[in-house]
Amino acid sequence: MKVADLHLHTRYSDGAYTPLELVRAAAREGFAAIAVTDHDTLDAIPESLAVGRKLGVEVIAGAEITCGAEMKEIHMLGYFFGRGWEHPPLQAVLEHSKRVRERRTEEFVVRLNELGIPLKLADVLACSECGTLGRPHVAMALVKRGFVGSLEEAFERFLRPGKPAYVERHRMSTAEAIGHIRRAGGIAVLAHPGLNRVDDLIQNMAAQGLDGLEAWHSRHTPAQSARYLKMAERFKLLATGGSDCHGPGRDGPLIGTIRLPYDRVEAMKQRAASHPDPVPNGEKKSPLPRKG
Ligand code: AMP
Ligand code: ZN
Ligand code: FE
Ligand code: FE
């Protein structure tokens, strides 16, 4: 049976694999298709598409967009078929998010310095060759410099919400994230709903144009997967799945733990091709950051 993994990270955000290493792992695991879904960036896509063609794995362009509702952080997966991922307004939004992430990283360093930890911005930048920066890179730098013993300790002592080096950030709304994805011709899927406690917001997101729920995820229990599959049916949403693999990891890579039947990918393509109205619920037309 043809299978897919629709949630994967590369070095272009906080994953450990290059696109080549990721596609090789996918081929080894027997995947017909994978989606590359880095945090707030599509920078990995050109390289991923190229290696996918070379190794005979269908690569779907994706991104995991950080957004929020009611003070909660929400991750919105966007899937693009054809050339939608090149949509200039979407690229502009993600460039803006990248700058915001860079400024936030500078703030993490300032806070840590104030706490007596002489971490340098260069230490953090050395942990990221390309794409978007995030807290995992700050955590890696803290480990590398020996200020903490592990990534977990970095988050526990400094980087989690409520901890002394945590920096809040502005997040776009779910309606904005869905709008950006759908105006580019993509499909908007709520990532790992089982990890976010946002069940009561799903109906509202469906009205905003949400297309699907990530029912199968490496950290969902079977009961959660069944619950979101049922919810998807109830709200006429697609059910999708992915491992959220970030690389080799301590217990081996997560790629291979979720094997989504390919007919679910076909359903996504059909929905993308037949979207009647890009944004059903009247989200404002110019959500882009204005120049000047
Ligand atoms: P950011 O988007 O920069 O706020 O970073 C969030 C990312 O940090 C998440 O997607 C996770 O991959 C990672 N993360 C969050 N909390 C932890 C934690 N306690 N331990 C390890 N990684 C974490
Ligand atoms: Zn991540
Ligand atoms: Fe996520
Ligand atoms: Fe992810």
# chains A, B, ... in the order shown; residues from 1 in each chain; ligands from 1
call {"tool": "closest_atom_pairs", "arguments": {"of": "chain A", "to": "ligand 3", "cutoff": "9 Å", "atoms": "only C-alpha atoms and all ligand atoms", "output": "JSON lines"}}
result
{"residue": "A:His7", "atom": "CA", "partner": "ligand 3", "partner_atom_place_in_ligand_line": "1 (Fe)", "distance": 8.9}
{"residue": "A:His39", "atom": "CA", "partner": "ligand 3", "partner_atom_place_in_ligand_line": "1 (Fe)", "distance": 7.8}
{"residue": "A:Glu64", "atom": "CA", "partner": "ligand 3", "partner_atom_place_in_ligand_line": "1 (Fe)", "distance": 6.8}
{"residue": "A:Ile65", "atom": "CA", "partner": "ligand 3", "partner_atom_place_in_ligand_line": "1 (Fe)", "distance": 8.5}
{"residue": "A:Thr66", "atom": "CA", "partner": "ligand 3", "partner_atom_place_in_ligand_line": "1 (Fe)", "distance": 8.0}
{"residue": "A:Ile74", "atom": "CA", "partner": "ligand 3", "partner_atom_place_in_ligand_line": "1 (Fe)", "distance": 7.7}
{"residue": "A:His75", "atom": "CA", "partner": "ligand 3", "partner_atom_place_in_ligand_line": "1 (Fe)", "distance": 5.3}
{"residue": "A:Met76", "atom": "CA", "partner": "ligand 3", "partner_atom_place_in_ligand_line": "1 (Fe)", "distance": 8.0}
{"residue": "A:Leu77", "atom": "CA", "partner": "ligand 3", "partner_atom_place_in_ligand_line": "1 (Fe)", "distance": 8.6}
{"residue": "A:Ala191", "atom": "CA", "partner": "ligand 3", "partner_atom_place_in_ligand_line": "1 (Fe)", "distance": 6.1}
{"residue": "A:His192", "atom": "CA", "partner": "ligand 3", "partner_atom_place_in_ligand_line": "1 (Fe)", "distance": 6.7}
{"residue": "A:Leu195", "atom": "CA", "partner": "ligand 3", "partner_atom_place_in_ligand_line": "1 (Fe)", "distance": 8.7}
{"residue": "A:Asp244", "atom": "CA", "partner": "ligand 3", "partner_atom_place_in_ligand_line": "1 (Fe)", "distance": 7.4}
call {"tool": "residues_near_ligand", "arguments": {"ligand": "ligand 2", "cutoff": "8 Å", "atoms": "only C-alpha atoms and all ligand atoms", "output": "ChimeraX atom specification"}}
result
/A:9,13-15,38-39,136,244,246
call {"tool": "closest_residue", "arguments": {"among": "A:Arg271, A:His87, A:Arg135, A:Lys144", "to": "A:Arg160", "atoms": "only C-alpha atoms"}}
result
A:Arg135
call {"tool": "select_by_dssp", "arguments": {"residues": "stretch 79-223 of chain A", "states": "strand (DSSP E or B)", "output": "ChimeraX atom specification"}}
result
/A:79-80,172-173,187-190,212-217
call {"tool": "write_last_selection", "arguments": {"atoms": "N, CA, C and O atoms", "output": "short mmCIF file (atom, residue, chain, number, x, y, z; two decimals), in the first residue's frame"}}
result
data_model
loop_
_atom_site.label_atom_id
_atom_site.label_comp_id
_atom_site.auth_asym_id
_atom_site.auth_seq_id
_atom_site.Cartn_x
_atom_site.Cartn_y
_atom_site.Cartn_z
N TYR A 79 -0.28 22.90 3.23
CA TYR A 79 0.20 21.98 2.19
C TYR A 79 -0.09 22.58 0.82
O TYR A 79 -1.21 23.01 0.56
N PHE A 80 0.94 22.58 -0.02
CA PHE A 80 0.81 23.23 -1.32
C PHE A 80 1.11 22.23 -2.43
O PHE A 80 2.13 21.54 -2.40
N MET A 172 0.24 35.53 14.77
CA MET A 172 -0.91 35.80 13.93
C MET A 172 -2.08 34.94 14.40
O MET A 172 -1.88 33.93 15.07
N SER A 173 -3.29 35.33 14.04
CA SER A 173 -4.46 34.55 14.45
C SER A 173 -4.58 33.31 13.56
O SER A 173 -3.96 33.24 12.49
N ILE A 187 -3.87 23.95 1.44
CA ILE A 187 -4.79 23.29 2.35
C ILE A 187 -4.30 23.60 3.77
O ILE A 187 -3.11 23.44 4.05
N ALA A 188 -5.18 24.02 4.66
CA ALA A 188 -4.78 24.35 6.04
C ALA A 188 -5.22 23.24 6.99
O ALA A 188 -6.41 22.91 7.06
N VAL A 189 -4.24 22.68 7.70
CA VAL A 189 -4.51 21.55 8.59
C VAL A 189 -4.01 21.87 9.99
O VAL A 189 -2.84 22.27 10.17
N LEU A 190 -4.86 21.68 10.99
CA LEU A 190 -4.45 21.92 12.37
C LEU A 190 -3.50 20.82 12.83
O LEU A 190 -3.85 19.63 12.82
N GLY A 212 -8.45 20.64 7.50
CA GLY A 212 -8.22 19.30 8.03
C GLY A 212 -7.65 19.29 9.43
O GLY A 212 -7.22 20.32 9.96
N LEU A 213 -7.67 18.11 10.02
CA LEU A 213 -7.08 17.88 11.34
C LEU A 213 -6.00 16.80 11.20
O LEU A 213 -6.21 15.79 10.53
N GLU A 214 -4.88 17.02 11.88
CA GLU A 214 -3.82 16.01 11.90
C GLU A 214 -4.21 14.96 12.94
O GLU A 214 -3.79 15.03 14.10
N ALA A 215 -5.02 14.02 12.53
CA ALA A 215 -5.55 13.02 13.47
C ALA A 215 -4.45 12.08 13.95
O ALA A 215 -4.45 11.68 15.11
N TRP A 216 -3.56 11.72 13.04
CA TRP A 216 -2.49 10.78 13.42
C TRP A 216 -1.18 11.53 13.57
O TRP A 216 -0.72 12.23 12.66
N HIS A 217 -0.60 11.42 14.75
CA HIS A 217 0.64 12.12 15.08
C HIS A 217 1.40 11.23 16.05
O HIS A 217 0.78 10.50 16.84
#
call {"tool": "residues_around", "arguments": {"residues": "stretch 256-266 of chain A", "least_positions_apart": "4", "cutoff": "9 Å", "atoms": "only C-alpha atoms", "output": "CSV table (one decimal) with all heavy atoms, in the first residue's frame"}}
result
chain,number,residue,atom,x,y,z
A,1,MET,N,0.9,-1.2,0.0
A,1,MET,CA,0.0,0.0,0.0
A,1,MET,C,0.9,1.3,0.0
A,1,MET,O,1.9,1.3,0.7
A,1,MET,CB,-0.9,0.0,1.2
A,1,MET,CG,-1.9,1.1,1.2
A,1,MET,SD,-3.1,1.0,2.6
A,1,MET,CE,-2.0,1.3,4.0
A,2,LYS,N,0.5,2.2,-0.8
A,2,LYS,CA,1.2,3.5,-0.9
A,2,LYS,C,1.0,4.3,0.4
A,2,LYS,O,-0.2,4.4,0.8
A,2,LYS,CB,0.8,4.4,-2.0
A,2,LYS,CG,1.6,4.1,-3.3
A,2,LYS,CD,1.0,4.9,-4.5
A,2,LYS,CE,1.5,6.3,-4.6
A,2,LYS,NZ,1.1,7.0,-5.8
A,3,VAL,N,2.0,4.8,1.1
A,3,VAL,CA,1.8,5.5,2.3
A,3,VAL,C,2.6,6.8,2.3
A,3,VAL,O,3.6,7.0,1.5
A,3,VAL,CB,2.2,4.7,3.6
A,3,VAL,CG1,1.3,3.6,3.8
A,3,VAL,CG2,3.7,4.2,3.5
A,4,ALA,N,2.2,7.8,3.2
A,4,ALA,CA,2.8,9.1,3.3
A,4,ALA,C,3.1,9.5,4.7
A,4,ALA,O,2.4,9.0,5.6
A,4,ALA,CB,1.9,10.1,2.6
A,5,ASP,N,4.0,10.4,4.9
A,5,ASP,CA,4.3,11.0,6.2
A,5,ASP,C,4.2,12.5,5.9
A,5,ASP,O,5.0,13.1,5.2
A,5,ASP,CB,5.6,10.6,6.8
A,5,ASP,CG,5.9,11.3,8.2
A,5,ASP,OD1,5.3,12.3,8.5
A,5,ASP,OD2,6.7,10.7,9.0
A,6,LEU,N,3.2,13.2,6.5
A,6,LEU,CA,3.0,14.6,6.1
A,6,LEU,C,3.4,15.6,7.2
A,6,LEU,O,2.9,16.8,7.2
A,6,LEU,CB,1.5,14.8,5.8
A,6,LEU,CG,0.9,13.9,4.7
A,6,LEU,CD1,-0.6,14.2,4.4
A,6,LEU,CD2,1.7,14.0,3.4
A,25,ALA,N,15.9,8.8,4.2
A,25,ALA,CA,15.2,8.1,5.2
A,25,ALA,C,13.8,7.7,4.8
A,25,ALA,O,13.3,6.6,5.1
A,25,ALA,CB,15.2,8.9,6.5
A,26,ALA,N,13.1,8.6,4.1
A,26,ALA,CA,11.7,8.3,3.6
A,26,ALA,C,11.7,7.1,2.6
A,26,ALA,O,10.9,6.3,2.7
A,26,ALA,CB,11.1,9.6,3.0
A,29,GLU,N,12.2,3.9,4.4
A,29,GLU,CA,11.0,3.5,5.1
A,29,GLU,C,9.9,3.1,4.1
A,29,GLU,O,8.8,2.8,4.6
A,29,GLU,CB,10.6,4.6,6.1
A,29,GLU,CG,11.5,4.8,7.3
A,29,GLU,CD,11.4,3.7,8.3
A,29,GLU,OE1,10.4,3.0,8.3
A,29,GLU,OE2,12.3,3.5,9.0
A,30,GLY,N,10.1,3.3,2.9
A,30,GLY,CA,9.1,2.9,1.9
A,30,GLY,C,8.0,3.9,1.6
A,30,GLY,O,6.9,3.5,1.2
A,31,PHE,N,8.2,5.1,2.0
A,31,PHE,CA,7.2,6.1,1.7
A,31,PHE,C,7.1,6.5,0.2
A,31,PHE,O,8.1,6.8,-0.4
A,31,PHE,CB,7.4,7.4,2.6
A,31,PHE,CG,7.1,7.2,4.0
A,31,PHE,CD1,8.1,7.1,5.0
A,31,PHE,CD2,5.8,7.2,4.4
A,31,PHE,CE1,7.7,6.9,6.3
A,31,PHE,CE2,5.4,7.0,5.7
A,31,PHE,CZ,6.4,6.8,6.7
A,32,ALA,N,5.9,6.6,-0.3
A,32,ALA,CA,5.7,7.1,-1.6
A,32,ALA,C,5.7,8.6,-1.6
A,32,ALA,O,6.1,9.2,-2.6
A,32,ALA,CB,4.3,6.6,-2.1
A,33,ALA,N,5.3,9.2,-0.5
A,33,ALA,CA,5.2,10.7,-0.5
A,33,ALA,C,5.5,11.2,0.9
A,33,ALA,O,5.2,10.5,1.9
A,33,ALA,CB,3.8,11.1,-0.9
A,216,TRP,N,-3.6,11.7,13.0
A,216,TRP,CA,-2.5,10.8,13.4
A,216,TRP,C,-1.2,11.5,13.6
A,216,TRP,O,-0.7,12.2,12.7
A,216,TRP,CB,-2.3,9.7,12.3
A,216,TRP,CG,-3.6,8.9,12.3
A,216,TRP,CD1,-3.9,7.8,13.1
A,216,TRP,CD2,-4.7,9.0,11.3
A,216,TRP,NE1,-5.2,7.3,12.7
A,216,TRP,CE2,-5.6,8.0,11.6
A,216,TRP,CE3,-4.9,9.9,10.3
A,216,TRP,CZ2,-6.8,7.9,10.9
A,216,TRP,CZ3,-6.1,9.7,9.5
A,216,TRP,CH2,-7.0,8.8,9.9
A,217,HIS,N,-0.6,11.4,14.8
A,217,HIS,CA,0.6,12.1,15.1
A,217,HIS,C,1.4,11.2,16.0
A,217,HIS,O,0.8,10.5,16.8
A,217,HIS,CB,0.3,13.5,15.7
A,217,HIS,CG,1.5,14.3,16.1
A,217,HIS,ND1,2.2,14.2,17.3
A,217,HIS,CD2,2.2,15.3,15.4
A,217,HIS,CE1,3.2,15.0,17.3
A,217,HIS,NE2,3.2,15.7,16.1
A,218,SER,N,2.7,11.3,16.0
A,218,SER,CA,3.5,10.4,16.8
A,218,SER,C,3.2,10.5,18.3
A,218,SER,O,3.5,9.6,19.1
A,218,SER,CB,5.0,10.6,16.6
A,218,SER,OG,5.3,11.9,16.6
A,238,LEU,N,-10.7,17.1,6.4
A,238,LEU,CA,-9.9,16.0,6.0
A,238,LEU,C,-9.2,15.5,7.3
A,238,LEU,O,-9.0,16.3,8.2
A,238,LEU,CB,-8.8,16.5,5.1
A,238,LEU,CG,-9.2,17.1,3.7
A,238,LEU,CD1,-8.1,17.9,3.1
A,238,LEU,CD2,-9.6,16.0,2.8
A,239,ALA,N,-8.8,14.2,7.3
A,239,ALA,CA,-8.0,13.7,8.4
A,239,ALA,C,-6.6,13.4,7.8
A,239,ALA,O,-6.5,12.7,6.8
A,239,ALA,CB,-8.6,12.5,9.0
A,240,THR,N,-5.6,13.9,8.4
A,240,THR,CA,-4.2,13.7,7.9
A,240,THR,C,-3.3,13.1,9.0
A,240,THR,O,-3.8,13.0,10.1
A,240,THR,CB,-3.6,15.0,7.3
A,240,THR,OG1,-3.2,15.8,8.5
A,240,THR,CG2,-4.6,15.8,6.5
A,241,GLY,N,-2.1,12.9,8.7
A,241,GLY,CA,-1.2,12.4,9.7
A,241,GLY,C,0.3,12.5,9.3
A,241,GLY,O,0.7,12.6,8.2
A,242,GLY,N,1.1,12.7,10.4
A,242,GLY,CA,2.5,12.8,10.2
A,242,GLY,C,3.3,12.5,11.5
A,242,GLY,O,2.7,12.6,12.6
A,243,SER,N,4.6,12.2,11.4
A,243,SER,CA,5.3,11.8,12.5
A,243,SER,C,5.9,13.0,13.3
A,243,SER,O,6.1,12.9,14.5
A,243,SER,CB,6.5,10.9,12.1
A,243,SER,OG,7.4,11.7,11.3
A,270,GLN,N,-7.6,16.8,-4.1
A,270,GLN,CA,-8.9,17.1,-4.6
A,270,GLN,C,-9.5,18.3,-4.0
A,270,GLN,O,-10.1,19.2,-4.6
A,270,GLN,CB,-9.9,15.9,-4.4
A,270,GLN,CG,-10.0,15.0,-5.6
A,270,GLN,CD,-10.8,13.7,-5.3
A,270,GLN,OE1,-11.7,13.8,-4.4
A,270,GLN,NE2,-10.5,12.6,-5.9
A,271,ARG,N,-9.4,18.4,-2.7
A,271,ARG,CA,-10.0,19.5,-1.9
A,271,ARG,C,-9.2,20.8,-2.4
A,271,ARG,O,-9.9,21.8,-2.6
A,271,ARG,CB,-9.8,19.3,-0.4
A,271,ARG,CG,-10.5,20.4,0.4
A,271,ARG,CD,-11.0,19.9,1.7
A,271,ARG,NE,-11.4,21.0,2.6
A,271,ARG,CZ,-12.3,20.9,3.5
A,271,ARG,NH1,-13.0,19.7,3.6
A,271,ARG,NH2,-12.6,21.9,4.3
call {"tool": "residues_around", "arguments": {"residues": "A:Asp123", "least_positions_apart": "6", "cutoff": "10 Å", "atoms": "only C-alpha atoms", "output": "list in words"}}
result
Val109, His137, Val138, Met140, Ala141, Leu142, Lys144 and Arg145 of chain A
call {"tool": "closest_residue", "arguments": {"among": "A:Pro161, A:Gly149, A:Gly179, A:Gly78", "to": "ligand 4", "atoms": "only C-alpha atoms and all ligand atoms"}}
result
A:Gly78
call {"tool": "atom_distance", "arguments": {"atom1": "atom CA of A:Gly146", "atom2": "atom 7 (C, counted along the ligand's line) of ligand 1"}}
result
20.5 Å
call {"tool": "closest_residue", "arguments": {"among": "A:Gly247, A:Ala273, A:Ile117, A:Ala175", "to": "ligand 4", "atoms": "only C-alpha atoms and all ligand atoms"}}
result
A:Gly247
